[in-house]
file target.cif (mmCIF, N, CA and C atoms)
data_query
#
loop_
_atom_site.label_atom_id
_atom_site.label_comp_id
_atom_site.auth_asym_id
_atom_site.auth_seq_id
_atom_site.Cartn_x
_atom_site.Cartn_y
_atom_site.Cartn_z
N SER A 480 57.03 -60.04 -21.86
CA SER A 480 57.50 -60.96 -20.85
C SER A 480 56.93 -62.33 -21.14
N SER A 481 57.67 -63.38 -20.81
CA SER A 481 57.24 -64.74 -21.09
C SER A 481 56.42 -65.29 -19.93
N SER A 482 55.65 -66.33 -20.21
CA SER A 482 54.80 -66.91 -19.18
C SER A 482 55.60 -67.63 -18.11
N SER A 483 56.85 -67.99 -18.37
CA SER A 483 57.66 -68.68 -17.38
C SER A 483 58.29 -67.72 -16.38
N GLY A 484 58.17 -66.42 -16.60
CA GLY A 484 58.73 -65.44 -15.68
C GLY A 484 60.19 -65.14 -15.92
N ARG A 485 60.82 -65.82 -16.90
CA ARG A 485 62.23 -65.55 -17.20
C ARG A 485 62.37 -64.27 -18.01
N GLN A 486 63.48 -63.58 -17.78
CA GLN A 486 63.77 -62.37 -18.55
C GLN A 486 64.32 -62.78 -19.91
N PRO A 487 63.97 -62.06 -20.97
CA PRO A 487 64.54 -62.38 -22.28
C PRO A 487 66.04 -62.10 -22.29
N ARG A 488 66.79 -62.92 -23.01
CA ARG A 488 68.23 -62.71 -23.13
C ARG A 488 68.48 -61.56 -24.11
N THR A 489 69.54 -60.80 -23.84
CA THR A 489 69.86 -59.70 -24.73
C THR A 489 70.75 -60.13 -25.88
N ARG A 490 71.40 -61.28 -25.77
CA ARG A 490 72.20 -61.82 -26.87
C ARG A 490 72.21 -63.34 -26.76
N PRO A 491 72.36 -64.03 -27.89
CA PRO A 491 72.45 -65.48 -27.83
C PRO A 491 73.65 -65.92 -27.00
N ARG A 492 73.54 -67.06 -26.36
CA ARG A 492 74.63 -67.56 -25.51
C ARG A 492 75.94 -67.75 -26.25
N HIS A 493 75.88 -68.10 -27.53
CA HIS A 493 77.11 -68.36 -28.28
C HIS A 493 77.85 -67.09 -28.68
N MET A 494 77.27 -65.92 -28.49
CA MET A 494 77.95 -64.67 -28.82
C MET A 494 78.76 -64.20 -27.64
N SER A 495 79.96 -63.73 -27.92
CA SER A 495 80.82 -63.25 -26.84
C SER A 495 80.44 -61.83 -26.46
N ALA A 496 81.09 -61.33 -25.43
CA ALA A 496 80.83 -59.98 -24.95
C ALA A 496 81.15 -58.94 -26.01
N SER A 497 82.06 -59.25 -26.97
CA SER A 497 82.39 -58.26 -28.00
C SER A 497 81.19 -57.97 -28.90
N ALA A 498 80.16 -58.83 -28.87
CA ALA A 498 78.97 -58.59 -29.67
C ALA A 498 78.23 -57.35 -29.18
N GLU A 499 78.49 -56.93 -27.95
CA GLU A 499 77.82 -55.77 -27.40
C GLU A 499 78.43 -54.46 -27.88
N LYS A 500 79.59 -54.52 -28.51
CA LYS A 500 80.24 -53.33 -29.03
C LYS A 500 79.63 -52.97 -30.38
N ALA A 501 79.87 -51.73 -30.80
CA ALA A 501 79.37 -51.29 -32.09
C ALA A 501 80.00 -52.10 -33.22
N ILE A 502 79.25 -52.31 -34.28
CA ILE A 502 79.77 -53.01 -35.45
C ILE A 502 80.49 -52.00 -36.33
N THR A 503 81.75 -52.28 -36.65
CA THR A 503 82.54 -51.39 -37.50
C THR A 503 82.17 -51.63 -38.95
N MET A 504 82.03 -50.55 -39.70
CA MET A 504 81.61 -50.65 -41.09
C MET A 504 82.71 -50.27 -42.09
N THR A 505 83.95 -50.17 -41.62
CA THR A 505 85.06 -49.71 -42.46
C THR A 505 85.17 -50.47 -43.78
N ASN A 506 85.03 -51.78 -43.74
CA ASN A 506 85.21 -52.61 -44.94
C ASN A 506 83.89 -53.04 -45.58
N ALA A 507 82.79 -52.44 -45.19
CA ALA A 507 81.46 -52.91 -45.61
C ALA A 507 81.24 -52.89 -47.12
N ARG A 508 82.00 -52.10 -47.85
CA ARG A 508 81.82 -52.05 -49.31
C ARG A 508 82.70 -53.05 -50.06
N ASP A 509 83.56 -53.77 -49.33
CA ASP A 509 84.41 -54.77 -49.97
C ASP A 509 83.55 -55.89 -50.54
N LYS A 510 84.06 -56.57 -51.56
CA LYS A 510 83.39 -57.72 -52.17
C LYS A 510 84.19 -58.97 -51.85
N TRP A 511 83.49 -60.05 -51.49
CA TRP A 511 84.14 -61.29 -51.06
C TRP A 511 83.63 -62.47 -51.88
N TRP A 512 84.48 -63.48 -51.98
CA TRP A 512 84.09 -64.77 -52.53
C TRP A 512 84.02 -65.73 -51.36
N LEU A 513 82.89 -66.31 -51.12
CA LEU A 513 82.69 -67.27 -50.03
C LEU A 513 82.89 -68.67 -50.61
N MET A 514 83.88 -69.40 -50.09
CA MET A 514 84.29 -70.67 -50.68
C MET A 514 84.15 -71.85 -49.74
N LYS A 515 83.69 -72.96 -50.30
CA LYS A 515 83.81 -74.25 -49.61
C LYS A 515 85.22 -74.74 -49.91
N VAL A 516 85.93 -75.16 -48.87
CA VAL A 516 87.31 -75.63 -49.04
C VAL A 516 87.37 -77.08 -48.57
N PRO A 517 87.92 -77.99 -49.40
CA PRO A 517 88.02 -79.39 -48.97
C PRO A 517 88.81 -79.51 -47.67
N ASP A 518 88.43 -80.46 -46.84
CA ASP A 518 89.09 -80.66 -45.54
C ASP A 518 90.60 -80.85 -45.67
N PHE A 519 91.05 -81.61 -46.68
CA PHE A 519 92.48 -81.86 -46.80
C PHE A 519 93.25 -80.57 -47.11
N VAL A 520 92.63 -79.63 -47.83
CA VAL A 520 93.28 -78.34 -48.10
C VAL A 520 93.26 -77.49 -46.84
N MET A 521 92.14 -77.46 -46.14
CA MET A 521 92.04 -76.66 -44.92
C MET A 521 93.02 -77.15 -43.87
N SER A 522 93.22 -78.45 -43.79
CA SER A 522 94.18 -79.01 -42.84
C SER A 522 95.59 -78.49 -43.13
N GLN A 523 95.97 -78.44 -44.41
CA GLN A 523 97.27 -77.90 -44.78
C GLN A 523 97.34 -76.40 -44.49
N LEU A 524 96.27 -75.67 -44.79
CA LEU A 524 96.24 -74.22 -44.55
C LEU A 524 96.47 -73.89 -43.09
N THR A 525 95.82 -74.62 -42.20
CA THR A 525 95.95 -74.33 -40.77
C THR A 525 97.31 -74.76 -40.21
N SER A 526 98.05 -75.58 -40.96
CA SER A 526 99.36 -76.01 -40.48
C SER A 526 100.47 -75.03 -40.87
N ILE A 527 100.19 -74.11 -41.78
CA ILE A 527 101.19 -73.13 -42.21
C ILE A 527 101.22 -71.99 -41.20
N ASN A 528 102.41 -71.66 -40.72
CA ASN A 528 102.56 -70.61 -39.71
C ASN A 528 102.66 -69.21 -40.29
N ASP A 529 102.94 -69.09 -41.58
CA ASP A 529 103.11 -67.79 -42.22
C ASP A 529 101.77 -67.32 -42.79
N GLU A 530 101.13 -66.34 -42.14
CA GLU A 530 99.82 -65.85 -42.60
C GLU A 530 99.89 -65.24 -43.99
N GLY A 531 101.06 -64.76 -44.41
CA GLY A 531 101.19 -64.13 -45.71
C GLY A 531 101.59 -65.09 -46.82
N ALA A 532 101.72 -66.37 -46.49
CA ALA A 532 102.15 -67.36 -47.49
C ALA A 532 101.07 -67.51 -48.56
N PRO A 533 101.48 -67.57 -49.84
CA PRO A 533 100.49 -67.77 -50.91
C PRO A 533 99.89 -69.17 -50.81
N ILE A 534 98.61 -69.28 -51.16
CA ILE A 534 97.98 -70.59 -51.12
C ILE A 534 97.93 -71.23 -52.51
N GLY A 535 98.13 -70.43 -53.53
CA GLY A 535 98.13 -70.98 -54.87
C GLY A 535 97.88 -69.93 -55.92
N GLU A 536 97.60 -70.41 -57.12
CA GLU A 536 97.34 -69.53 -58.25
C GLU A 536 95.95 -69.84 -58.79
N LEU A 537 95.13 -68.81 -58.93
CA LEU A 537 93.77 -68.96 -59.44
C LEU A 537 93.76 -68.53 -60.90
N VAL A 538 93.45 -69.47 -61.81
CA VAL A 538 93.49 -69.20 -63.24
C VAL A 538 92.08 -69.34 -63.80
N PRO A 539 91.54 -68.26 -64.41
CA PRO A 539 90.21 -68.38 -65.04
C PRO A 539 90.24 -69.47 -66.11
N ASP A 540 89.19 -70.27 -66.20
CA ASP A 540 89.15 -71.36 -67.17
C ASP A 540 89.30 -70.87 -68.60
N GLU A 541 88.82 -69.68 -68.90
CA GLU A 541 88.93 -69.19 -70.27
C GLU A 541 90.40 -69.06 -70.68
N GLU A 542 91.30 -68.83 -69.74
CA GLU A 542 92.73 -68.73 -70.05
C GLU A 542 93.38 -70.11 -70.06
N SER A 543 92.92 -71.01 -69.22
CA SER A 543 93.59 -72.31 -69.11
C SER A 543 93.07 -73.32 -70.13
N SER A 544 91.80 -73.18 -70.58
CA SER A 544 91.26 -74.18 -71.50
C SER A 544 90.68 -73.58 -72.77
N GLY A 545 90.63 -72.26 -72.85
CA GLY A 545 90.05 -71.62 -74.02
C GLY A 545 88.54 -71.57 -74.00
N VAL A 546 87.92 -72.11 -72.96
CA VAL A 546 86.46 -72.09 -72.84
C VAL A 546 86.04 -70.73 -72.34
N GLY A 547 84.96 -70.20 -72.84
CA GLY A 547 84.51 -68.86 -72.46
C GLY A 547 83.82 -68.83 -71.12
N ALA A 548 84.48 -69.21 -70.07
CA ALA A 548 83.90 -69.13 -68.73
C ALA A 548 83.80 -67.68 -68.32
N GLY A 549 82.97 -67.40 -67.37
CA GLY A 549 82.81 -66.04 -66.90
C GLY A 549 81.65 -65.35 -67.57
N SER A 550 81.06 -66.00 -68.56
CA SER A 550 79.91 -65.40 -69.21
C SER A 550 78.66 -65.72 -68.42
N SER A 551 77.59 -65.04 -68.74
CA SER A 551 76.33 -65.28 -68.03
C SER A 551 75.84 -66.68 -68.35
N SER A 552 75.14 -67.24 -67.41
CA SER A 552 74.62 -68.58 -67.53
C SER A 552 73.26 -68.62 -66.86
N SER A 553 72.41 -69.55 -67.27
CA SER A 553 71.10 -69.63 -66.63
C SER A 553 71.18 -70.26 -65.26
N SER A 554 72.29 -70.94 -64.95
CA SER A 554 72.44 -71.50 -63.60
C SER A 554 73.20 -70.52 -62.75
N GLY A 555 73.09 -70.65 -61.47
CA GLY A 555 73.80 -69.74 -60.57
C GLY A 555 72.86 -68.69 -60.07
N GLY A 556 73.20 -68.06 -59.00
CA GLY A 556 72.33 -67.16 -58.24
C GLY A 556 71.84 -65.95 -58.99
N VAL A 557 71.87 -64.83 -58.34
CA VAL A 557 71.35 -63.57 -58.83
C VAL A 557 71.96 -63.23 -60.17
N GLY A 558 71.12 -62.97 -61.16
CA GLY A 558 71.62 -62.56 -62.46
C GLY A 558 72.24 -63.69 -63.27
N GLY A 559 72.30 -64.90 -62.73
CA GLY A 559 72.85 -66.03 -63.45
C GLY A 559 74.35 -65.97 -63.67
N ARG A 560 75.07 -65.14 -62.93
CA ARG A 560 76.52 -65.02 -63.10
C ARG A 560 77.20 -66.29 -62.61
N SER A 561 78.09 -66.83 -63.43
CA SER A 561 78.83 -68.02 -63.05
C SER A 561 80.23 -67.91 -63.62
N ARG A 562 81.24 -68.30 -62.86
CA ARG A 562 82.63 -68.24 -63.30
C ARG A 562 83.33 -69.51 -62.86
N SER A 563 84.26 -70.00 -63.68
CA SER A 563 85.03 -71.20 -63.35
C SER A 563 86.52 -70.89 -63.37
N PHE A 564 87.24 -71.51 -62.44
CA PHE A 564 88.68 -71.31 -62.30
C PHE A 564 89.35 -72.64 -62.00
N SER A 565 90.65 -72.67 -62.22
CA SER A 565 91.49 -73.76 -61.73
C SER A 565 92.33 -73.15 -60.62
N LEU A 566 92.39 -73.83 -59.48
CA LEU A 566 93.23 -73.40 -58.37
C LEU A 566 94.40 -74.37 -58.27
N LYS A 567 95.60 -73.86 -58.57
CA LYS A 567 96.82 -74.66 -58.47
C LYS A 567 97.46 -74.34 -57.13
N LEU A 568 97.49 -75.31 -56.23
CA LEU A 568 98.01 -75.09 -54.88
C LEU A 568 99.51 -74.78 -54.90
N ALA A 569 99.92 -73.84 -54.06
CA ALA A 569 101.33 -73.47 -53.92
C ALA A 569 102.10 -74.65 -53.33
N PRO A 570 103.38 -74.80 -53.70
CA PRO A 570 104.19 -75.92 -53.18
C PRO A 570 104.18 -76.01 -51.65
N ALA A 571 104.23 -74.87 -50.96
CA ALA A 571 104.23 -74.89 -49.48
C ALA A 571 102.92 -75.46 -48.94
N LEU A 572 101.84 -75.26 -49.65
CA LEU A 572 100.54 -75.75 -49.22
C LEU A 572 100.32 -77.19 -49.65
N ALA A 573 100.84 -77.55 -50.82
CA ALA A 573 100.60 -78.88 -51.37
C ALA A 573 101.10 -79.98 -50.44
N GLY A 574 102.26 -79.76 -49.80
CA GLY A 574 102.78 -80.69 -48.80
C GLY A 574 102.53 -82.14 -49.11
N SER A 575 101.73 -82.79 -48.28
CA SER A 575 101.47 -84.23 -48.43
C SER A 575 100.23 -84.52 -49.27
N ILE A 576 99.68 -83.50 -49.92
CA ILE A 576 98.49 -83.71 -50.76
C ILE A 576 98.93 -84.43 -52.04
N PRO A 577 98.25 -85.52 -52.41
CA PRO A 577 98.61 -86.24 -53.64
C PRO A 577 98.60 -85.30 -54.86
N GLN A 578 99.50 -85.55 -55.80
CA GLN A 578 99.68 -84.71 -56.99
C GLN A 578 98.36 -84.45 -57.73
N GLU A 579 97.52 -85.49 -57.87
CA GLU A 579 96.28 -85.33 -58.63
C GLU A 579 95.26 -84.42 -57.94
N LEU A 580 95.47 -84.10 -56.67
CA LEU A 580 94.56 -83.21 -55.94
C LEU A 580 95.16 -81.82 -55.74
N GLN A 581 96.31 -81.55 -56.34
CA GLN A 581 96.96 -80.26 -56.15
C GLN A 581 96.45 -79.18 -57.10
N GLU A 582 95.57 -79.57 -58.04
CA GLU A 582 94.90 -78.60 -58.89
C GLU A 582 93.40 -78.87 -58.77
N LEU A 583 92.67 -77.87 -58.34
CA LEU A 583 91.24 -78.02 -58.07
C LEU A 583 90.43 -77.15 -59.03
N THR A 584 89.23 -77.58 -59.34
CA THR A 584 88.31 -76.77 -60.13
C THR A 584 87.42 -76.02 -59.16
N VAL A 585 87.29 -74.73 -59.38
CA VAL A 585 86.47 -73.87 -58.53
C VAL A 585 85.38 -73.26 -59.40
N THR A 586 84.13 -73.45 -59.02
CA THR A 586 83.01 -72.84 -59.73
C THR A 586 82.34 -71.84 -58.81
N LEU A 587 82.24 -70.62 -59.29
CA LEU A 587 81.64 -69.54 -58.50
C LEU A 587 80.31 -69.13 -59.11
N ASN A 588 79.33 -68.94 -58.26
CA ASN A 588 78.02 -68.45 -58.67
C ASN A 588 77.64 -67.29 -57.76
N ALA A 589 76.80 -66.41 -58.26
CA ALA A 589 76.30 -65.34 -57.41
C ALA A 589 75.45 -65.98 -56.31
N PRO A 590 75.47 -65.43 -55.11
CA PRO A 590 74.65 -66.00 -54.04
C PRO A 590 73.17 -65.86 -54.40
N PRO A 591 72.32 -66.78 -53.92
CA PRO A 591 70.90 -66.73 -54.26
C PRO A 591 70.18 -65.51 -53.68
N HIS A 592 70.76 -64.87 -52.70
CA HIS A 592 70.18 -63.66 -52.11
C HIS A 592 71.32 -62.84 -51.53
N SER A 593 71.04 -61.64 -51.14
CA SER A 593 72.06 -60.76 -50.59
C SER A 593 72.68 -61.37 -49.34
N MET A 594 74.01 -61.49 -49.33
CA MET A 594 74.73 -62.03 -48.18
C MET A 594 75.87 -61.08 -47.84
N HIS A 595 76.16 -60.94 -46.56
CA HIS A 595 77.26 -60.11 -46.10
C HIS A 595 78.06 -60.87 -45.05
N ILE A 596 79.33 -60.51 -44.91
CA ILE A 596 80.19 -61.18 -43.94
C ILE A 596 80.32 -60.32 -42.70
N LEU A 597 79.98 -60.90 -41.58
CA LEU A 597 80.10 -60.26 -40.27
C LEU A 597 81.14 -61.06 -39.51
N SER A 598 82.18 -60.41 -38.99
CA SER A 598 83.23 -61.15 -38.29
C SER A 598 83.41 -60.65 -36.87
N GLU A 599 83.93 -61.55 -36.05
CA GLU A 599 84.23 -61.24 -34.66
C GLU A 599 85.71 -61.51 -34.44
N PRO A 600 86.46 -60.56 -33.88
CA PRO A 600 87.88 -60.80 -33.67
C PRO A 600 88.12 -61.91 -32.63
N LYS A 601 89.22 -62.65 -32.80
CA LYS A 601 89.58 -63.68 -31.83
C LYS A 601 89.84 -63.06 -30.47
N ASP A 602 90.48 -61.91 -30.47
CA ASP A 602 90.83 -61.20 -29.24
C ASP A 602 89.89 -60.01 -29.07
N PRO A 603 88.97 -60.04 -28.10
CA PRO A 603 88.01 -58.94 -27.91
C PRO A 603 88.66 -57.57 -27.71
N SER A 604 89.93 -57.53 -27.30
CA SER A 604 90.58 -56.23 -27.13
C SER A 604 90.86 -55.56 -28.48
N ASN A 605 90.72 -56.32 -29.57
CA ASN A 605 90.91 -55.76 -30.91
C ASN A 605 89.65 -55.09 -31.44
N GLY A 606 88.67 -54.89 -30.59
CA GLY A 606 87.44 -54.24 -31.01
C GLY A 606 86.30 -55.22 -31.12
N GLY A 607 85.20 -54.72 -31.61
CA GLY A 607 83.99 -55.55 -31.70
C GLY A 607 83.82 -56.16 -33.07
N TRP A 608 82.60 -56.48 -33.36
CA TRP A 608 82.23 -57.10 -34.63
C TRP A 608 82.53 -56.15 -35.78
N ARG A 609 82.77 -56.73 -36.97
CA ARG A 609 83.04 -55.93 -38.16
C ARG A 609 82.19 -56.43 -39.32
N MET A 610 81.59 -55.50 -40.04
CA MET A 610 80.91 -55.84 -41.29
C MET A 610 82.00 -55.80 -42.35
N GLU A 611 82.37 -56.97 -42.87
CA GLU A 611 83.52 -57.08 -43.77
C GLU A 611 83.17 -56.80 -45.23
N GLY A 612 81.92 -56.90 -45.59
CA GLY A 612 81.53 -56.63 -46.97
C GLY A 612 80.51 -57.63 -47.46
N GLY A 613 80.17 -57.51 -48.73
CA GLY A 613 79.16 -58.35 -49.33
C GLY A 613 79.76 -59.54 -50.06
N VAL A 614 79.02 -60.64 -50.10
CA VAL A 614 79.45 -61.83 -50.82
C VAL A 614 79.05 -61.65 -52.28
N GLU A 615 80.05 -61.51 -53.14
CA GLU A 615 79.81 -61.33 -54.57
C GLU A 615 79.58 -62.68 -55.25
N TYR A 616 80.36 -63.69 -54.83
CA TYR A 616 80.24 -65.04 -55.36
C TYR A 616 80.36 -66.04 -54.23
N LYS A 617 79.70 -67.18 -54.40
CA LYS A 617 79.90 -68.31 -53.50
C LYS A 617 80.41 -69.44 -54.38
N GLY A 618 81.30 -70.23 -53.84
CA GLY A 618 81.91 -71.24 -54.70
C GLY A 618 82.16 -72.56 -54.04
N GLU A 619 82.36 -73.54 -54.90
CA GLU A 619 82.68 -74.90 -54.47
C GLU A 619 83.82 -75.42 -55.30
#

call {"tool": "encode", "arguments": {"input": "target.cif", "output": "structure tokens"}}
result
Amino acid sequence: SSSSGRQPRTRPRHMSASAEKAITMTNARDKWWLMKVPDFVMSQLTSINDEGAPIGELVPDEESSGVGAGSSSSSGGVGGRSRSFSLKLAPALAGSIPQELQELTVTLNAPPHSMHILSEPKDPSNGGWRMEGGVEYKGE
């Protein structure tokens, strides 16, 4: 008990009531790439109404430039794994994005420590929190 006489909270204020439900582990073995996405791309993504619409084509650099990307490197997180890709935005996503920004370079590195994705559904009636899997790579 605290000296102020207040009772400890059972959950942080920013967590919804669905946090009190059991965490589902169905997808916990999945592997994810955690990406930083430029604001101008995210703005276009959120404006598309079709959730199944492709966002683009991800091409490993070794195929697009002949450089041996994907090999081990001394930089990058656990084990030094690093991979590079070109992301060519789909026409539906490219929209008003200038031509020179419609192809992006993506560099992925292993996370510096074990990371996992925990998600909360937008609609609490869809169940509680879910452990979605581990972050295999983080990228920019």

call {"tool": "resolve_selection", "arguments": {"input": "target.cif", "expression": "the PyMOL selection byres ((chain A and resi 598-615) around 8)", "output": "number ranges by chain"}}
result
A: 496-513, 587-590, 592-597, 616-618

call {"tool": "write_last_selection", "arguments": {"input": "target.cif", "atoms": "N, CA and C atoms", "output": "PDB file, keeping the file's coordinate frame"}}
result
ATOM      1  N   ALA A 496      81.090 -61.330 -25.430  1.00  0.00           N
ATOM      2  CA  ALA A 496      80.830 -59.980 -24.950  1.00  0.00           C
ATOM      3  C   ALA A 496      81.150 -58.940 -26.010  1.00  0.00           C
ATOM      4  N   SER A 497      82.060 -59.250 -26.970  1.00  0.00           N
ATOM      5  CA  SER A 497      82.390 -58.260 -28.000  1.00  0.00           C
ATOM      6  C   SER A 497      81.190 -57.970 -28.900  1.00  0.00           C
ATOM      7  N   ALA A 498      80.160 -58.830 -28.870  1.00  0.00           N
ATOM      8  CA  ALA A 498      78.970 -58.590 -29.670  1.00  0.00           C
ATOM      9  C   ALA A 498      78.230 -57.350 -29.180  1.00  0.00           C
ATOM     10  N   GLU A 499      78.490 -56.930 -27.950  1.00  0.00           N
ATOM     11  CA  GLU A 499      77.820 -55.770 -27.400  1.00  0.00           C
ATOM     12  C   GLU A 499      78.430 -54.460 -27.880  1.00  0.00           C
ATOM     13  N   LYS A 500      79.590 -54.520 -28.510  1.00  0.00           N
ATOM     14  CA  LYS A 500      80.240 -53.330 -29.030  1.00  0.00           C
ATOM     15  C   LYS A 500      79.630 -52.970 -30.380  1.00  0.00           C
ATOM     16  N   ALA A 501      79.870 -51.730 -30.800  1.00  0.00           N
ATOM     17  CA  ALA A 501      79.370 -51.290 -32.090  1.00  0.00           C
ATOM     18  C   ALA A 501      80.000 -52.100 -33.220  1.00  0.00           C
ATOM     19  N   ILE A 502      79.250 -52.310 -34.280  1.00  0.00           N
ATOM     20  CA  ILE A 502      79.770 -53.010 -35.450  1.00  0.00           C
ATOM     21  C   ILE A 502      80.490 -52.000 -36.330  1.00  0.00           C
ATOM     22  N   THR A 503      81.750 -52.280 -36.650  1.00  0.00           N
ATOM     23  CA  THR A 503      82.540 -51.390 -37.500  1.00  0.00           C
ATOM     24  C   THR A 503      82.170 -51.630 -38.950  1.00  0.00           C
ATOM     25  N   MET A 504      82.030 -50.550 -39.700  1.00  0.00           N
ATOM     26  CA  MET A 504      81.610 -50.650 -41.090  1.00  0.00           C
ATOM     27  C   MET A 504      82.710 -50.270 -42.090  1.00  0.00           C
ATOM     28  N   THR A 505      83.950 -50.170 -41.620  1.00  0.00           N
ATOM     29  CA  THR A 505      85.060 -49.710 -42.460  1.00  0.00           C
ATOM     30  C   THR A 505      85.170 -50.470 -43.780  1.00  0.00           C
ATOM     31  N   ASN A 506      85.030 -51.780 -43.740  1.00  0.00           N
ATOM     32  CA  ASN A 506      85.210 -52.610 -44.940  1.00  0.00           C
ATOM     33  C   ASN A 506      83.890 -53.040 -45.580  1.00  0.00           C
ATOM     34  N   ALA A 507      82.790 -52.440 -45.190  1.00  0.00           N
ATOM     35  CA  ALA A 507      81.460 -52.910 -45.610  1.00  0.00           C
ATOM     36  C   ALA A 507      81.240 -52.890 -47.120  1.00  0.00           C
ATOM     37  N   ARG A 508      82.000 -52.100 -47.850  1.00  0.00           N
ATOM     38  CA  ARG A 508      81.820 -52.050 -49.310  1.00  0.00           C
ATOM     39  C   ARG A 508      82.700 -53.050 -50.060  1.00  0.00           C
ATOM     40  N   ASP A 509      83.560 -53.770 -49.330  1.00  0.00           N
ATOM     41  CA  ASP A 509      84.410 -54.770 -49.970  1.00  0.00           C
ATOM     42  C   ASP A 509      83.550 -55.890 -50.540  1.00  0.00           C
ATOM     43  N   LYS A 510      84.060 -56.570 -51.560  1.00  0.00           N
ATOM     44  CA  LYS A 510      83.390 -57.720 -52.170  1.00  0.00           C
ATOM     45  C   LYS A 510      84.190 -58.970 -51.850  1.00  0.00           C
ATOM     46  N   TRP A 511      83.490 -60.050 -51.490  1.00  0.00           N
ATOM     47  CA  TRP A 511      84.140 -61.290 -51.060  1.00  0.00           C
ATOM     48  C   TRP A 511      83.630 -62.470 -51.880  1.00  0.00           C
ATOM     49  N   TRP A 512      84.480 -63.480 -51.980  1.00  0.00           N
ATOM     50  CA  TRP A 512      84.090 -64.770 -52.530  1.00  0.00           C
ATOM     51  C   TRP A 512      84.020 -65.730 -51.360  1.00  0.00           C
ATOM     52  N   LEU A 513      82.890 -66.310 -51.120  1.00  0.00           N
ATOM     53  CA  LEU A 513      82.690 -67.270 -50.030  1.00  0.00           C
ATOM     54  C   LEU A 513      82.890 -68.670 -50.610  1.00  0.00           C
ATOM     55  N   LEU A 587      82.240 -70.620 -59.290  1.00  0.00           N
ATOM     56  CA  LEU A 587      81.640 -69.540 -58.500  1.00  0.00           C
ATOM     57  C   LEU A 587      80.310 -69.130 -59.110  1.00  0.00           C
ATOM     58  N   ASN A 588      79.330 -68.940 -58.260  1.00  0.00           N
ATOM     59  CA  ASN A 588      78.020 -68.450 -58.670  1.00  0.00           C
ATOM     60  C   ASN A 588      77.640 -67.290 -57.760  1.00  0.00           C
ATOM     61  N   ALA A 589      76.800 -66.410 -58.260  1.00  0.00           N
ATOM     62  CA  ALA A 589      76.300 -65.340 -57.410  1.00  0.00           C
ATOM     63  C   ALA A 589      75.450 -65.980 -56.310  1.00  0.00           C
ATOM     64  N   PRO A 590      75.470 -65.430 -55.110  1.00  0.00           N
ATOM     65  CA  PRO A 590      74.650 -66.000 -54.040  1.00  0.00           C
ATOM     66  C   PRO A 590      73.170 -65.860 -54.400  1.00  0.00           C
ATOM     67  N   HIS A 592      70.760 -64.870 -52.700  1.00  0.00           N
ATOM     68  CA  HIS A 592      70.180 -63.660 -52.110  1.00  0.00           C
ATOM     69  C   HIS A 592      71.320 -62.840 -51.530  1.00  0.00           C
ATOM     70  N   SER A 593      71.040 -61.640 -51.140  1.00  0.00           N
ATOM     71  CA  SER A 593      72.060 -60.760 -50.590  1.00  0.00           C
ATOM     72  C   SER A 593      72.680 -61.370 -49.340  1.00  0.00           C
ATOM     73  N   MET A 594      74.010 -61.490 -49.330  1.00  0.00           N
ATOM     74  CA  MET A 594      74.730 -62.030 -48.180  1.00  0.00           C
ATOM     75  C   MET A 594      75.870 -61.080 -47.840  1.00  0.00           C
ATOM     76  N   HIS A 595      76.160 -60.940 -46.560  1.00  0.00           N
ATOM     77  CA  HIS A 595      77.260 -60.110 -46.100  1.00  0.00           C
ATOM     78  C   HIS A 595      78.060 -60.870 -45.050  1.00  0.00           C
ATOM     79  N   ILE A 596      79.330 -60.510 -44.910  1.00  0.00           N
ATOM     80  CA  ILE A 596      80.190 -61.180 -43.940  1.00  0.00           C
ATOM     81  C   ILE A 596      80.320 -60.320 -42.700  1.00  0.00           C
ATOM     82  N   LEU A 597      79.980 -60.900 -41.580  1.00  0.00           N
ATOM     83  CA  LEU A 597      80.100 -60.260 -40.270  1.00  0.00           C
ATOM     84  C   LEU A 597      81.140 -61.060 -39.510  1.00  0.00           C
ATOM     85  N   TYR A 616      80.360 -63.690 -54.830  1.00  0.00           N
ATOM     86  CA  TYR A 616      80.240 -65.040 -55.360  1.00  0.00           C
ATOM     87  C   TYR A 616      80.360 -66.040 -54.230  1.00  0.00           C
ATOM     88  N   LYS A 617      79.700 -67.180 -54.400  1.00  0.00           N
ATOM     89  CA  LYS A 617      79.900 -68.310 -53.500  1.00  0.00           C
ATOM     90  C   LYS A 617      80.410 -69.440 -54.380  1.00  0.00           C
ATOM     91  N   GLY A 618      81.300 -70.230 -53.840  1.00  0.00           N
ATOM     92  CA  GLY A 618      81.910 -71.240 -54.700  1.00  0.00           C
ATOM     93  C   GLY A 618      82.160 -72.560 -54.040  1.00  0.00           C
TER      94      GLY A 618
END

call {"tool": "closest_residue", "arguments": {"input": "target.cif", "among": "A:Met521, A:Glu541, A:Ser561, A:Ile527", "to": "A:Thr586", "atoms": "only C-alpha atoms"}}
result
A:Ser561

call {"tool": "atom_distance", "arguments": {"input": "target.cif", "atom1": "atom CA of A:Phe564", "atom2": "atom CA of A:Met514"}}
result
12.4 Å

call {"tool": "atom_distance", "arguments": {"input": "target.cif", "atom1": "atom CA of A:Ser526", "atom2": "atom CA of A:Ser565"}}
result
22.8 Å

call {"tool": "atom_distance", "arguments": {"input": "target.cif", "atom1": "atom N of A:Gln578", "atom2": "atom N of A:Phe519"}}
result
13.0 Å

call {"tool": "resolve_selection", "arguments": {"input": "target.cif", "expression": "the PyMOL selection byres ((chain A and resi 523) around 8)", "output": "MDAnalysis selection string"}}
result
chainID A and resid 517:522 524:528 571:576

call {"tool": "residues_near_point", "arguments": {"input": "target.cif", "point": "(88.4, -69.5, -61.0)", "cutoff": "7 Å", "atoms": "only C-alpha atoms", "output": "MDAnalysis selection string"}}
result
chainID A and resid 537:540 562:566 585:586

call {"tool": "resolve_selection", "arguments": {"input": "target.cif", "expression": "the PyMOL selection byres ((chain A and resi 533) around 8)", "output": "ChimeraX atom specification"}}
result
/A:529-532,534-536,568-572

call {"tool": "select_by_dssp", "arguments": {"input": "target.cif", "residues": "stretch 554-616 of chain A", "states": "helix (DSSP H, G or I)", "output": "list in words"}}
result
Val557, Gly558, Gly559, Pro570, Ala571, Leu572, Ala573, Gln578, Glu579, Leu580, Pro603, Ser604 and Asn605 of chain A
